Amino acid sequence: MLLDTASLYFRAYFGVPDSVRAPDGTPVNAVRGLLDFIGRLVLDHRPDELVACMDADWRPQWRVDLIPSYKAHRVAEAHAEGPDEEETPDTLAPQVPVIEEVLDALGIARVGVAGYEADDVIGTLAGRAAGPVDIVTGDRDLYQLVDDARGVRVLYPLKGVGTLQLTDEAALREKYGVDGRGYVDLALLRGDPSDGLPGVPGIGEKTAAKLLDTFGDLAGIMAAVDDPRSKLTPSQRKRLDEARAYVAVAPTVVRVAGDVPLPDFDPALPSAPRDPAALDALAARWGLGGAVRRLLATLQR
């Protein structure tokens with residue numbers, strides 16, 4: 001089981017009241033909510049291994065170099081060296097280090113790699129996995145990894161993690177008309193304002209799906225632009241032709257990396273905390289005793 005950790009703690013932050021606070025009054029709603037999420041996921045799905053995948057760089061420069069608008073609207077503060085600072089709620093940002101410390105004390109694998117997003121870590125781990133993989137994320141970008149032959153599916157939270165939309169290739173074809181491999185082409189053609197991806201003007205999701213059904217993939221669509229006998233409408237041909245520069249670089253930006261240099265780590269779910277003393281201290285300091293006890297009880301089953 002691979003967790004898109006930021007996606008889940010954002011959901012926890014907005015789903016758990018900020019009246020959930022540490023003894024000193026600091027909000028810990030995202031921390032407590034994420035721990036309860038993990039407990040519920042383990043209880044319901046019983047994974048053998050679980051990795052909390054992190055955004056070491058939420059806006060990698062190599063993606064920005066290709067498409068400068070990539071997540072630009074979410075930059076709170078730009079830095080000449082190191083990752084830009086992402087705009088996050090004032091009471092969420094301080095909770096992220098607490099989440100990291102608690103996961104480490106528990107012994108739950110936490111993996112982030114400089115220069116890469118959590119999506120890239122997930123893509124690399126999913127590609128290397130020998131057995132079935134469940135990816136838990138609220139980010140539809142990861143639909144591109146769905147692969148029935150390899151047992152890779154996405155569990156998309158609809159309400160917390162108690163109600164998950166199981167996304168396999170049949171679900172993708174029903175909703176979008178593409179499989180996991182085709183989702184990258186669909187996403188880059190339609191664009192994604194939440195990620196600052198412009199897409200091809202005038203080519204929405206339905207049109208993109210029809211074009212992919214007719215021409216097979218992005219390369220087939222662009223070959224049709226150059227073929228006067230193809231069934232593209234004049235306006236589609238014109239729009240795609242004018243978007244050549246974007247179409248040339250967008251696949252690299254939209255496709256998750258599959259070759260992230262991962263550190264050594266143990267993905268096995270712990271049955272006991274790695275550092276009990278540190279976990280006890282964190283639970284006391286941040287008022288997490290109940291959430292920690294619930295999660296430990298689940299891990300020990």
# chains A, B, ... in the order shown; residues from 1 in each chain; ligands from 1
$ residues_around --residues "region 96-112 of chain A" --least-positions-apart "6" --cutoff "7 Å" --atoms "only C-alpha atoms" --output "list in words"
Val31, Leu50, Val51, Ala52, Cys53, Met54, Asp55, Ala56, Ala118, Val121, Phe265, Asp266, Pro267, Leu269, Pro270, Pro273, Arg274, Asp275, Pro276, Ala278, Leu279 and Leu282 of chain A
$ write_last_selection --atoms "N, CA and C atoms" --output "PDB file, in the first residue's frame"
ATOM      1  N   VAL A  31      -2.552  15.745  12.047  1.00  0.00           N
ATOM      2  CA  VAL A  31      -1.768  14.629  12.580  1.00  0.00           C
ATOM      3  C   VAL A  31      -2.702  13.516  13.050  1.00  0.00           C
ATOM      4  N   LEU A  50       3.584  -1.066   3.759  1.00  0.00           N
ATOM      5  CA  LEU A  50       2.962   0.248   3.621  1.00  0.00           C
ATOM      6  C   LEU A  50       4.054   1.310   3.603  1.00  0.00           C
ATOM      7  N   VAL A  51       3.963   2.227   2.648  1.00  0.00           N
ATOM      8  CA  VAL A  51       4.943   3.297   2.536  1.00  0.00           C
ATOM      9  C   VAL A  51       4.224   4.636   2.471  1.00  0.00           C
ATOM     10  N   ALA A  52       4.610   5.537   3.380  1.00  0.00           N
ATOM     11  CA  ALA A  52       4.105   6.907   3.338  1.00  0.00           C
ATOM     12  C   ALA A  52       5.013   7.699   2.406  1.00  0.00           C
ATOM     13  N   CYS A  53       4.533   7.988   1.212  1.00  0.00           N
ATOM     14  CA  CYS A  53       5.336   8.675   0.198  1.00  0.00           C
ATOM     15  C   CYS A  53       5.173  10.183   0.375  1.00  0.00           C
ATOM     16  N   MET A  54       6.306  10.897   0.364  1.00  0.00           N
ATOM     17  CA  MET A  54       6.326  12.308   0.724  1.00  0.00           C
ATOM     18  C   MET A  54       6.754  13.183  -0.461  1.00  0.00           C
ATOM     19  N   ASP A  55       6.330  14.446  -0.409  1.00  0.00           N
ATOM     20  CA  ASP A  55       6.779  15.446  -1.372  1.00  0.00           C
ATOM     21  C   ASP A  55       8.053  16.101  -0.854  1.00  0.00           C
ATOM     22  N   ALA A  56       9.220  15.563  -1.241  1.00  0.00           N
ATOM     23  CA  ALA A  56      10.461  16.242  -0.881  1.00  0.00           C
ATOM     24  C   ALA A  56      10.572  17.540  -1.683  1.00  0.00           C
ATOM     25  N   ALA A 118       5.903  13.210  -4.369  1.00  0.00           N
ATOM     26  CA  ALA A 118       5.447  11.913  -3.862  1.00  0.00           C
ATOM     27  C   ALA A 118       4.935  11.036  -5.003  1.00  0.00           C
ATOM     28  N   VAL A 121       7.736   9.065  -6.424  1.00  0.00           N
ATOM     29  CA  VAL A 121       8.123   7.971  -5.537  1.00  0.00           C
ATOM     30  C   VAL A 121       7.125   6.825  -5.681  1.00  0.00           C
ATOM     31  N   PHE A 265      15.096   1.311   2.618  1.00  0.00           N
ATOM     32  CA  PHE A 265      14.100   1.424   3.683  1.00  0.00           C
ATOM     33  C   PHE A 265      13.384   0.089   3.814  1.00  0.00           C
ATOM     34  N   ASP A 266      12.720  -0.087   4.952  1.00  0.00           N
ATOM     35  CA  ASP A 266      11.972  -1.315   5.204  1.00  0.00           C
ATOM     36  C   ASP A 266      10.487  -1.003   5.110  1.00  0.00           C
ATOM     37  N   PRO A 267       9.792  -1.517   4.090  1.00  0.00           N
ATOM     38  CA  PRO A 267       8.379  -1.195   3.908  1.00  0.00           C
ATOM     39  C   PRO A 267       7.436  -2.039   4.770  1.00  0.00           C
ATOM     40  N   LEU A 269       5.071  -3.448   7.492  1.00  0.00           N
ATOM     41  CA  LEU A 269       4.278  -2.811   8.543  1.00  0.00           C
ATOM     42  C   LEU A 269       4.807  -3.239   9.906  1.00  0.00           C
ATOM     43  N   PRO A 270       5.078  -2.310  10.814  1.00  0.00           N
ATOM     44  CA  PRO A 270       5.578  -2.694  12.134  1.00  0.00           C
ATOM     45  C   PRO A 270       4.461  -3.272  12.990  1.00  0.00           C
ATOM     46  N   PRO A 273       6.191  -0.285  17.889  1.00  0.00           N
ATOM     47  CA  PRO A 273       6.878   0.945  17.492  1.00  0.00           C
ATOM     48  C   PRO A 273       8.387   0.771  17.407  1.00  0.00           C
ATOM     49  N   ARG A 274       9.000   1.456  16.459  1.00  0.00           N
ATOM     50  CA  ARG A 274      10.456   1.404  16.300  1.00  0.00           C
ATOM     51  C   ARG A 274      11.146   2.071  17.487  1.00  0.00           C
ATOM     52  N   ASP A 275      10.573   3.174  17.958  1.00  0.00           N
ATOM     53  CA  ASP A 275      11.169   3.920  19.064  1.00  0.00           C
ATOM     54  C   ASP A 275      10.072   4.245  20.077  1.00  0.00           C
ATOM     55  N   PRO A 276       9.774   3.309  20.982  1.00  0.00           N
ATOM     56  CA  PRO A 276       8.668   3.512  21.923  1.00  0.00           C
ATOM     57  C   PRO A 276       8.804   4.766  22.774  1.00  0.00           C
ATOM     58  N   ALA A 278      10.387   7.611  22.093  1.00  0.00           N
ATOM     59  CA  ALA A 278      10.118   8.803  21.280  1.00  0.00           C
ATOM     60  C   ALA A 278       8.629   8.922  20.978  1.00  0.00           C
ATOM     61  N   LEU A 279       7.991   7.783  20.708  1.00  0.00           N
ATOM     62  CA  LEU A 279       6.557   7.803  20.401  1.00  0.00           C
ATOM     63  C   LEU A 279       5.760   8.259  21.618  1.00  0.00           C
ATOM     64  N   LEU A 282       6.202  12.029  21.989  1.00  0.00           N
ATOM     65  CA  LEU A 282       5.439  12.765  20.973  1.00  0.00           C
ATOM     66  C   LEU A 282       3.947  12.723  21.285  1.00  0.00           C
TER      67      LEU A 282
END
$ residues_around --residues "Pro17 (chain A)" --least-positions-apart "2" --cutoff "12 Å" --atoms "only C-alpha atoms" --output "ChimeraX atom specification"
/A:11-15,19-21,27-33,91
$ write_last_selection --atoms "all heavy atoms" --output "CSV table (one decimal), in the first residue's frame"
chain,number,residue,atom,x,y,z
A,11,ARG,N,-6.6,16.2,3.5
A,11,ARG,CA,-8.0,15.8,3.7
A,11,ARG,C,-8.3,15.7,5.2
A,11,ARG,O,-9.3,16.0,5.6
A,11,ARG,CB,-8.2,14.4,3.0
A,11,ARG,CG,-8.4,14.5,1.5
A,11,ARG,CD,-8.6,13.2,0.8
A,11,ARG,NE,-8.9,13.5,-0.6
A,11,ARG,CZ,-10.1,13.4,-1.1
A,11,ARG,NH1,-11.2,13.1,-0.4
A,11,ARG,NH2,-10.3,13.7,-2.4
A,12,ALA,N,-7.3,15.2,5.9
A,12,ALA,CA,-7.5,15.1,7.4
A,12,ALA,C,-7.6,16.5,8.0
A,12,ALA,O,-8.5,16.7,8.9
A,12,ALA,CB,-6.3,14.3,8.0
A,13,TYR,N,-6.8,17.4,7.5
A,13,TYR,CA,-6.8,18.8,8.0
A,13,TYR,C,-8.2,19.4,7.9
A,13,TYR,O,-8.7,20.1,8.8
A,13,TYR,CB,-5.7,19.6,7.3
A,13,TYR,CG,-5.7,21.1,7.7
A,13,TYR,CD1,-5.1,21.5,8.9
A,13,TYR,CD2,-6.4,22.0,6.9
A,13,TYR,CE1,-5.1,22.8,9.3
A,13,TYR,CE2,-6.4,23.3,7.3
A,13,TYR,CZ,-5.7,23.7,8.5
A,13,TYR,OH,-5.8,25.1,8.8
A,14,PHE,N,-8.8,19.2,6.7
A,14,PHE,CA,-10.1,19.8,6.4
A,14,PHE,C,-11.2,19.0,6.9
A,14,PHE,O,-12.3,19.5,7.0
A,14,PHE,CB,-10.2,20.1,4.9
A,14,PHE,CG,-9.3,21.2,4.4
A,14,PHE,CD1,-8.2,21.0,3.6
A,14,PHE,CD2,-9.6,22.5,4.7
A,14,PHE,CE1,-7.4,22.0,3.2
A,14,PHE,CE2,-8.8,23.6,4.3
A,14,PHE,CZ,-7.7,23.3,3.5
A,15,GLY,N,-11.0,17.7,7.2
A,15,GLY,CA,-12.0,16.9,7.7
A,15,GLY,C,-12.2,16.8,9.2
A,15,GLY,O,-13.2,16.4,9.7
A,19,SER,N,-10.4,22.3,16.4
A,19,SER,CA,-10.5,22.3,17.8
A,19,SER,C,-9.7,21.1,18.4
A,19,SER,O,-9.5,21.1,19.7
A,19,SER,CB,-12.0,22.2,18.3
A,19,SER,OG,-12.6,21.1,17.7
A,20,VAL,N,-9.3,20.2,17.6
A,20,VAL,CA,-8.4,19.1,18.0
A,20,VAL,C,-7.0,19.6,18.2
A,20,VAL,O,-6.4,19.9,17.2
A,20,VAL,CB,-8.5,17.9,17.0
A,20,VAL,CG1,-7.5,16.8,17.4
A,20,VAL,CG2,-9.9,17.3,16.9
A,21,ARG,N,-6.6,19.8,19.4
A,21,ARG,CA,-5.4,20.5,19.7
A,21,ARG,C,-4.5,19.8,20.7
A,21,ARG,O,-5.0,19.0,21.5
A,21,ARG,CB,-5.7,21.9,20.2
A,21,ARG,CG,-6.4,22.8,19.2
A,21,ARG,CD,-6.8,24.2,19.7
A,21,ARG,NE,-7.4,24.9,18.6
A,21,ARG,CZ,-6.8,26.0,18.0
A,21,ARG,NH1,-5.6,26.4,18.4
A,21,ARG,NH2,-7.4,26.6,17.0
A,27,PRO,N,-3.0,23.3,17.0
A,27,PRO,CA,-3.8,22.4,16.3
A,27,PRO,C,-3.1,21.2,15.8
A,27,PRO,O,-1.9,21.3,15.4
A,27,PRO,CB,-4.3,23.2,15.1
A,27,PRO,CG,-4.2,24.6,15.5
A,27,PRO,CD,-3.0,24.7,16.4
A,28,VAL,N,-3.6,20.0,16.0
A,28,VAL,CA,-3.0,18.7,15.6
A,28,VAL,C,-4.1,17.9,14.8
A,28,VAL,O,-4.0,16.7,14.8
A,28,VAL,CB,-2.4,17.9,16.8
A,28,VAL,CG1,-1.2,18.6,17.3
A,28,VAL,CG2,-3.5,17.7,17.9
A,29,ASN,N,-5.0,18.6,14.2
A,29,ASN,CA,-6.1,17.9,13.5
A,29,ASN,C,-5.6,17.0,12.4
A,29,ASN,O,-6.1,15.9,12.1
A,29,ASN,CB,-7.2,18.8,13.1
A,29,ASN,CG,-6.7,20.0,12.3
A,29,ASN,OD1,-5.6,20.5,12.5
A,29,ASN,ND2,-7.6,20.6,11.5
A,30,ALA,N,-4.6,17.6,11.6
A,30,ALA,CA,-4.1,16.8,10.5
A,30,ALA,C,-3.3,15.6,10.9
A,30,ALA,O,-3.4,14.5,10.3
A,30,ALA,CB,-3.2,17.7,9.6
A,31,VAL,N,-2.6,15.7,12.0
A,31,VAL,CA,-1.8,14.6,12.6
A,31,VAL,C,-2.7,13.5,13.0
A,31,VAL,O,-2.6,12.4,12.7
A,31,VAL,CB,-0.9,15.1,13.8
A,31,VAL,CG1,0.0,13.9,14.2
A,31,VAL,CG2,-0.1,16.3,13.4
A,32,ARG,N,-3.7,13.9,13.9
A,32,ARG,CA,-4.6,12.9,14.4
A,32,ARG,C,-5.4,12.2,13.3
A,32,ARG,O,-5.6,11.0,13.3
A,32,ARG,CB,-5.5,13.5,15.5
A,32,ARG,CG,-6.2,12.4,16.3
A,32,ARG,CD,-7.1,13.0,17.4
A,32,ARG,NE,-6.4,13.7,18.4
A,32,ARG,CZ,-7.0,14.3,19.4
A,32,ARG,NH1,-8.3,14.1,19.6
A,32,ARG,NH2,-6.3,14.9,20.3
A,33,GLY,N,-5.9,13.1,12.4
A,33,GLY,CA,-6.7,12.5,11.3
A,33,GLY,C,-5.9,11.6,10.4
A,33,GLY,O,-6.4,10.5,10.1
A,91,THR,N,-2.1,26.8,9.9
A,91,THR,CA,-2.0,25.9,11.0
A,91,THR,C,-1.8,24.4,10.5
A,91,THR,O,-1.7,23.5,11.3
A,91,THR,CB,-3.4,25.9,11.8
A,91,THR,OG1,-4.5,25.6,10.9
A,91,THR,CG2,-3.6,27.2,12.5
$ closest_residue --among "A:Ile67, A:Glu174, A:Pro94, A:Glu117" --to "Gly191 (chain A)" --atoms "only C-alpha atoms"
A:Ile67
$ residues_around --residues "His73 (chain A)" --least-positions-apart "2" --cutoff "9 Å" --atoms "only C-alpha atoms" --output "ChimeraX atom specification"
/A:69-71,75-76,87,194-196
$ select_by_dssp --residues "region 90-284 of chain A" --states "alpha helix (DSSP H)" --output "number ranges by chain"
A: 95-106, 118-128, 169-176, 180-190, 205-215, 218-225, 234-242, 244-254, 276-284
$ select_by_dssp --residues "region 106-280 of chain A" --states "strand (DSSP E or B)" --output "list in words"
Ala109, Arg110, Val111, Val133, Asp134, Ile135, Val136, Asp147, Val152, Arg153, Val154, Leu155, Tyr156, Pro157, Leu158, Lys159, Thr163, Leu164, Gln165, Leu166, Thr167, Asp192, Leu197 and Ala268 of chain A
$ closest_residue --among "A:Ser271, A:Thr214, A:Gln95, A:Gln236" --to "Leu296 (chain A)" --atoms "only C-alpha atoms"
A:Ser271
$ closest_atom_pairs --of "region 41-80 of chain A" --to "region 139-162 of chain A" --cutoff "12 Å" --atoms "only C-alpha atoms" --output "tab-separated table"
residue	atom	partner	partner_atom	distance
A:Leu41	CA	A:Val161	CA	6.9
A:Val42	CA	A:Val161	CA	10.6
A:Leu43	CA	A:Gly162	CA	10.3
A:Asp44	CA	A:Gly162	CA	8.4
A:His45	CA	A:Leu155	CA	10.6
$ residues_around --residues "Thr252 (chain A)" --least-positions-apart "2" --cutoff "12 Å" --atoms "only C-alpha atoms" --output "ChimeraX atom specification"
/A:62-67,120,184-185,188,246-250,254-258
$ atom_distance --atom1 "CA of Pro47 (chain A)" --atom2 "CA of Leu3 (chain A)"
11.6 Å
$ atom_distance --atom1 "CA of Ala80 (chain A)" --atom2 "CA of Gly115 (chain A)"
14.2 Å
$ atom_distance --atom1 "CA of Gly138 (chain A)" --atom2 "CA of Ser7 (chain A)"
5.8 Å
$ residues_around --residues "Leu35 (chain A)" --least-positions-apart "6" --cutoff "8 Å" --atoms "only C-alpha atoms" --output "VMD selection string"
chain A and resid 291 to 292 295
$ write_last_selection --atoms "N, CA, C and O atoms" --output "short mmCIF file (atom, residue, chain, number, x, y, z; two decimals), in the first residue's frame"
data_model
loop_
_atom_site.label_atom_id
_atom_site.label_comp_id
_atom_site.auth_asym_id
_atom_site.auth_seq_id
_atom_site.Cartn_x
_atom_site.Cartn_y
_atom_site.Cartn_z
N ALA A 291 -5.10 8.46 19.45
CA ALA A 291 -4.86 8.08 18.05
C ALA A 291 -3.72 7.08 17.95
O ALA A 291 -3.78 6.11 17.17
N VAL A 292 -2.66 7.29 18.73
CA VAL A 292 -1.51 6.38 18.70
C VAL A 292 -1.92 5.01 19.23
O VAL A 292 -1.56 3.98 18.65
N LEU A 295 -3.99 3.14 16.61
CA LEU A 295 -3.18 2.65 15.49
C LEU A 295 -2.32 1.48 15.92
O LEU A 295 -2.22 0.47 15.21
#
$ residues_around --residues "Lys210 (chain A)" --least-positions-apart "3" --cutoff "10 Å" --atoms "only C-alpha atoms" --output "JSON, numbers by chain"
{"A": [176, 177, 178, 186, 205, 206, 207, 213, 214, 215, 216]}
$ residues_around --residues "Gly82 (chain A)" --least-positions-apart "5" --cutoff "10 Å" --atoms "only C-alpha atoms" --output "PyMOL selection string"
chain A and resi 57+60-61+114-115
